[in-house]
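Participant: Next up, data_10.txt (compact mmCIF, C-alpha atoms).
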```txt
# COMPACT_ATOMS: atom_id res chain seq x y z
CA MET A 1 6.10 5.96 -9.78
CA GLY A 2 9.46 7.55 -9.03
CA PHE A 3 9.99 11.19 -8.10
CA GLU A 4 12.95 13.50 -7.51
CA GLY A 5 13.12 16.96 -6.01
CA GLN A 6 15.52 19.48 -4.60
CA PHE A 7 14.38 22.06 -2.09
CA GLY A 8 16.50 25.01 -1.05
CA SER A 9 20.14 24.11 -0.55
CA SER A 10 19.38 20.53 0.42
CA GLU A 11 20.54 17.51 -1.53
CA LYS A 12 18.37 15.90 -4.16
CA GLU A 13 15.56 13.83 -2.62
CA GLU A 14 14.04 10.70 -4.13
CA ALA A 15 10.80 8.89 -3.39
CA VAL A 16 8.40 6.40 -4.89
CA ALA A 17 4.63 6.49 -4.79
CA LEU A 18 2.65 3.28 -4.81
CA VAL A 19 -0.86 4.08 -5.97
CA MET A 20 -3.79 1.71 -5.65
CA GLY A 21 -7.32 2.13 -6.99
CA ASP A 22 -9.29 5.29 -7.68
CA ILE A 23 -7.61 7.94 -5.54
CA HIS A 24 -9.87 10.73 -6.81
CA ALA A 25 -13.35 9.47 -5.84
CA THR A 26 -12.92 10.45 -2.18
CA PRO A 27 -9.93 11.69 -0.18
CA PRO A 28 -7.66 8.63 -0.25
CA LEU A 29 -5.76 7.07 2.60
CA VAL A 30 -2.14 8.25 2.32
CA ARG A 31 0.96 7.14 4.20
CA ILE A 32 4.20 9.13 3.95
CA HIS A 33 6.81 6.62 5.06
CA SER A 34 10.48 7.43 5.47
CA GLN A 35 12.94 4.73 4.57
CA CYS A 36 14.22 2.72 7.53
CA LEU A 37 16.66 0.03 6.43
CA THR A 38 17.07 -1.33 9.94
CA GLY A 39 13.33 -1.52 10.58
CA ASP A 40 11.73 -2.03 7.16
CA VAL A 41 14.24 -4.64 5.97
CA PHE A 42 15.90 -6.10 9.06
CA ASP A 43 12.86 -5.84 11.40
CA SER A 44 14.74 -3.88 14.07
CA LEU A 45 13.09 -3.91 17.48
CA ARG A 46 14.30 -0.32 18.17
CA CYS A 47 11.51 1.31 16.13
CA ASP A 48 7.97 0.82 14.85
CA CYS A 49 8.78 1.47 11.18
CA ARG A 50 8.20 -1.97 9.69
CA GLN A 51 4.97 -2.46 11.60
CA GLN A 52 3.73 0.98 10.45
CA LEU A 53 4.64 0.18 6.83
CA GLU A 54 2.85 -3.16 6.97
CA MET A 55 -0.18 -1.55 8.65
CA ALA A 56 -0.35 1.15 5.99
CA LEU A 57 -0.19 -1.32 3.12
CA GLU A 58 -2.89 -3.47 4.72
CA MET A 59 -5.18 -0.49 5.37
CA ILE A 60 -4.76 0.84 1.82
CA ALA A 61 -5.49 -2.64 0.42
CA GLU A 62 -8.58 -2.96 2.64
CA ALA A 63 -9.81 0.47 1.51
CA GLY A 64 -9.24 -0.50 -2.13
CA ALA A 65 -7.53 2.82 -2.85
CA GLY A 66 -4.69 4.89 -1.48
CA VAL A 67 -1.13 6.08 -1.82
CA LEU A 68 2.06 5.04 -0.07
CA VAL A 69 4.82 7.62 -0.52
CA TYR A 70 8.12 5.93 0.38
CA GLU A 71 10.79 8.59 0.70
CA GLN A 72 14.51 8.07 1.04
CA GLN A 73 14.85 9.93 4.33
CA GLU A 74 16.72 7.35 6.41
CA GLY A 75 16.98 8.17 10.10
CA ARG A 76 14.53 11.10 9.97
CA GLY A 77 16.61 12.54 7.16
CA ILE A 78 20.13 12.22 8.59
CA GLY A 79 21.18 9.29 6.39
CA LEU A 80 22.20 5.72 7.10
CA MET A 81 25.75 6.25 8.37
CA ALA A 82 24.70 9.01 10.77
CA LYS A 83 21.78 6.85 11.90
CA LEU A 84 24.19 4.05 12.77
CA GLN A 85 26.26 6.56 14.77
CA ALA A 86 23.05 7.66 16.51
CA TYR A 87 22.35 4.02 17.37
CA GLU A 88 25.77 3.86 19.03
CA LEU A 89 24.92 6.93 21.11
CA GLN A 90 21.55 5.39 22.00
CA ASP A 91 23.39 2.28 23.20
CA GLN A 92 25.25 4.64 25.56
CA GLY A 93 21.99 5.98 27.00
CA ARG A 94 20.86 8.86 24.76
CA ASP A 95 17.37 8.85 23.33
CA THR A 96 16.81 9.22 19.58
CA VAL A 97 16.46 13.01 19.75
CA GLN A 98 19.54 13.51 21.94
CA ALA A 99 21.59 11.28 19.63
CA ASN A 100 20.59 13.18 16.48
CA GLU A 101 21.26 16.53 18.11
CA GLU A 102 24.63 15.41 19.51
CA LEU A 103 25.62 14.51 15.94
CA GLY A 104 24.74 18.06 14.83
CA PHE A 105 21.33 17.36 13.29
CA LYS A 106 17.86 18.56 14.12
CA ALA A 107 15.72 16.08 16.05
CA ASP A 108 13.83 15.52 12.79
CA HIS A 109 15.76 16.59 9.70
CA ARG A 110 12.90 16.02 7.21
CA GLY A 111 10.79 18.71 5.57
CA PHE A 112 8.12 16.71 3.68
CA GLN A 113 8.16 19.05 0.65
CA LEU A 114 8.71 16.19 -1.81
CA PRO A 115 5.78 14.08 -0.52
CA ALA A 116 3.52 17.14 -0.73
CA GLU A 117 4.68 17.76 -4.32
CA ILE A 118 4.07 14.11 -5.18
CA LEU A 119 0.51 14.25 -3.89
CA ALA A 120 -0.08 17.46 -5.85
CA GLN A 121 1.37 15.83 -9.00
CA LEU A 122 -1.10 12.97 -8.47
CA GLY A 123 -3.88 15.57 -8.54
CA LEU A 124 -4.81 15.23 -4.88
CA LYS A 125 -6.26 18.23 -3.07
CA ALA A 126 -7.46 16.34 0.02
CA VAL A 127 -6.24 13.19 1.79
CA ARG A 128 -6.77 11.06 4.87
CA LEU A 129 -3.26 10.94 6.33
CA LEU A 130 -2.13 7.78 8.09
CA SER A 131 0.33 9.24 10.62
CA ASN A 132 1.02 10.06 14.25
CA ASN A 133 3.26 12.98 13.27
CA PRO A 134 1.62 16.44 13.38
CA GLU A 135 4.54 17.84 11.32
CA LYS A 136 3.39 15.78 8.33
CA VAL A 137 -0.13 17.17 8.68
CA ALA A 138 1.22 20.72 8.89
CA ALA A 139 3.53 20.23 5.87
CA LEU A 140 0.71 18.98 3.67
CA GLU A 141 -1.67 21.73 4.80
CA ALA A 142 1.03 24.37 4.17
CA ALA A 143 1.43 22.98 0.64
CA GLY A 144 -2.29 23.37 -0.02
CA ILE A 145 -3.33 19.74 0.48
CA LYS A 146 -6.22 19.45 2.93
CA VAL A 147 -5.90 16.70 5.51
CA THR A 148 -9.54 15.74 6.04
CA GLU A 149 -8.59 13.17 8.68
CA ARG A 150 -5.46 12.13 10.53
CA VAL A 151 -5.72 8.37 10.82
CA PRO A 152 -3.64 6.98 13.72
CA CYS A 153 -0.80 4.64 12.77
CA GLU A 154 -0.19 3.02 16.14
CA VAL A 155 1.35 -0.40 16.58
CA GLU A 156 1.93 -2.49 19.67
CA PRO A 157 5.25 -1.56 21.28
CA ASN A 158 7.81 -4.12 22.35
CA ALA A 159 10.19 -3.80 25.29
CA GLU A 160 12.95 -2.40 23.04
CA SER A 161 10.78 0.21 21.26
CA GLU A 162 8.95 1.55 24.34
CA ARG A 163 11.52 4.30 25.10
CA TYR A 164 11.69 5.28 21.42
CA LEU A 165 7.91 5.69 21.20
CA ASN A 166 7.80 7.69 24.44
CA THR A 167 10.50 10.00 23.06
CA LYS A 168 8.50 10.48 19.85
CA LYS A 169 5.52 11.54 21.95
CA GLU A 170 7.32 13.67 24.55
CA LYS A 171 9.98 15.37 22.40
CA LEU A 172 8.59 15.29 18.86
CA GLY A 173 4.91 15.79 19.65
CA HIS A 174 3.68 12.60 18.02
CA LEU A 175 0.06 11.83 18.75
CA PHE A 176 -0.76 8.51 20.39
CA SER A 177 -4.13 7.54 21.81
CA LYS A 178 -2.71 4.68 23.89
CA ARG A 179 0.23 6.45 25.57
```
Let me see the structure of the file written as C-alpha cells.

Facilitator:
Amino acid sequence: MGFEGQFGSSEKEEAVALVMGDIHATPPLVRIHSQCLTGDVFDSLRCDCRQQLEMALEMIAEAGAGVLVYEQQEGRGIGLMAKLQAYELQDQGRDTVQANEELGFKADHRGFQLPAEILAQLGLKAVRLLSNNPEKVAALEAAGIKVTERVPCEVEPNAESERYLNTKKEKLGHLFSKR
C-alpha cells in the first residue's frame, strides 16, 4: 500500500507498507526502513541497510505476519544528492554525523510521523518494533502506538561499516547488544 503525508513545513513524504498475514491477532513485528539506494540496491559496504532490510523481511516471513514500512527518507532524510556529498566528506575523514551537520542538516533529519500514521491507518495500537533506534520507539509511543517489544536488528559488521555502526551507537544512541 502507498501512503503520502506532509508534516509541518516539510516536503511531502511518501512510503509503502508491505503487510503480511494477520497483523491484528497479536502485536505484529514491524520494521520502519528508510530508503538507502546505495545500500538496499547497490549493497554498499558503508552501512548495514541492506542486511537490516533482508533480516526484517526474513523475520516477518518466519513470523507469518508483520509490516515493513519503507519510507523515502534517503540518507536519514537529507536526500540522495546530499547523501552523496556526505559520502565525499566521509571519504575525507568525517563520520556520518559530522558530514550531515557540516552540510547543514541534523544528524538524523527524519521525524517518523508518516510511519506512525501508516501504522495507525492499518489499525495497529501495539507493535513489536524491529529496530536499534530509540528515536523510532519514542516517535511511535508519542503517536499513541505502544511498542510492546523492541526487537534488535543487528547484523554482522564488515571492516568498512564498523566506524559507521560505532557512530550510530555513540552519537545517535542506537542500541546494540554486541558493541

Participant: Could the residues of region 5-77 of chain A that have an atom at most 9 Å from region 124-133 of chain A be listed as a Markdown table, each with its closest atom pair and the distance in Å to one decimal, counting all atoms listed in the file and ordered by chain and ascending residue number?

Facilitator:
```
| residue | atom | partner | partner_atom | distance |
| --- | --- | --- | --- | --- |
| A:Ile23 | CA | A:Leu124 | CA | 7.8 |
| A:His24 | CA | A:Leu124 | CA | 7.0 |
| A:Thr26 | CA | A:Val127 | CA | 8.2 |
| A:Pro27 | CA | A:Val127 | CA | 4.4 |
| A:Pro28 | CA | A:Val127 | CA | 5.2 |
| A:Leu29 | CA | A:Arg128 | CA | 4.7 |
| A:Val30 | CA | A:Leu129 | CA | 5.0 |
| A:Arg31 | CA | A:Leu130 | CA | 5.0 |
| A:Ile32 | CA | A:Leu130 | CA | 7.7 |
| A:His33 | CA | A:Ser131 | CA | 8.9 |
| A:Gln52 | CA | A:Ser131 | CA | 8.9 |
| A:Ala56 | CA | A:Leu130 | CA | 7.2 |
```

Participant: Enter the distance from CA of Glu62 (chain A) to CA of Cys49 (chain A), in Å, rounded to one decimal.

Facilitator: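 Result for CA of Glu62 (chain A) versus CA of Cys49 (chain A): 19.8 Å, one decimal.
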
Participant: Calculated over all atoms listed in the file, which of the candidates A:Ala142, A:Val41, A:Ala86, A:Ala65 has the smallest distance to Gln98 (chain A)?

Facilitator: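 Smallest distance to Gln98 (chain A) is found for A:Ala86.
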
Participant: Identify, on the basis of only C-alpha atoms, every residue whose closest approach to Ala139 (chain A) does not exceed 9 Å; exclude the query and any residue fewer than 5 positions from it along the same chain; express the result as a list in words.

Facilitator: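 Once the nearby chain positions are removed, what remains is Gly111, Phe112, Gln113, Ala116, Pro134, Gly144 and Ile145 of chain A.
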
Participant: Grab the residues selected above and save them as a short mmCIF file (atom, residue, chain, number, x, y, z; two decimals), in the coordinates of the input with C-alpha atoms.

Facilitator:
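That gives us out01.cif:
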```
data_model
loop_
_atom_site.label_atom_id
_atom_site.label_comp_id
_atom_site.auth_asym_id
_atom_site.auth_seq_id
_atom_site.Cartn_x
_atom_site.Cartn_y
_atom_site.Cartn_z
CA GLY A 111 10.79 18.71 5.57
CA PHE A 112 8.12 16.71 3.68
CA GLN A 113 8.16 19.05 0.65
CA ALA A 116 3.52 17.14 -0.73
CA PRO A 134 1.62 16.44 13.38
CA GLY A 144 -2.29 23.37 -0.02
CA ILE A 145 -3.33 19.74 0.48
#
```

Participant: Under the rule that only C-alpha atoms are counted, which of A:Leu37, A:Leu68, A:Lys146, A:Lys83 is the nearest residue to Gly2 (chain A)?

Facilitator: A:Leu68

Participant: For Gly39 (chain A), which of A:Glu4, A:Glu14, A:Glu101, A:Glu74 is the closest residue, counting all atoms listed in the file?

Facilitator: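 So, comparing all the options, the nearest one is A:Glu74.
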
Participant: For CA of Gln85 (chain A) and CA of Asp48 (chain A), determine how far apart the two atoms are, in Å to one decimal place.

Facilitator: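 Going from CA of Gln85 (chain A) over to CA of Asp48 (chain A), I get 19.2 Å.
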
Participant: Would you mind listing what lies within 8 Å of His109 (chain A) as an MDAnalysis selection string, with only C-alpha atoms counted and same-chain residues fewer than 2 positions away left out?

Facilitator: chainID A and resid 76:78 105:107 111

Participant: Pick out the closest residue to Cys36 (chain A) from this set: A:Leu80, A:Ala61, A:Met55, A:Ala15. Count all atoms listed in the file.

Facilitator: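 Of A:Leu80, A:Ala61, A:Met55, A:Ala15, the one nearest Cys36 (chain A) is A:Leu80, counting all atoms listed in the file.
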
Participant: So how many Å separate CA of Arg110 (chain A) and CA of Asp91 (chain A), to one decimal?

Facilitator: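 The value is 23.5 Å.
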
Participant: So which residues touch Leu103 (chain A) within 8 Å, counting only C-alpha atoms, skipping near sequence neighbours fewer than 3 positions away, as a PyMOL selection string?

Facilitator: chain A and resi 82+86+99-100

Participant: Find the residue from A:Val155, A:Pro115, A:Gly123, A:Asp95 that sits nearest to Leu140 (chain A); use all atoms listed in the file when measuring.

Facilitator: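 Ranked by minimum distance to Leu140 (chain A), first place goes to A:Pro115.
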
Participant: Under the rule that all atoms listed in the file are counted, which of A:Lys168, A:Gln51, A:Ala63, A:Leu119 is the nearest residue to Asp22 (chain A)?

Facilitator: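 Smallest distance to Asp22 (chain A) is found for A:Ala63.
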
Participant: As a ChimeraX atom specification, please: the residues near Ser177 (chain A) (cut-off 12 Å, all atoms listed in the file, same-chain neighbours under 4 positions excluded).

Facilitator: /A:132,151-156,169

Participant: Could the centre and edge lengths of an axis-aligned box, enclosing all atoms of region 19-28 of chain A in the file with 8 Å extra on each side, be given in Å to one decimal as AutoDock Vina command-line options?

Facilitator:
```
--center_x -7.1 --center_y 6.7 --center_z -3.9 --size_x 28.5 --size_y 26.0 --size_z 23.5
```
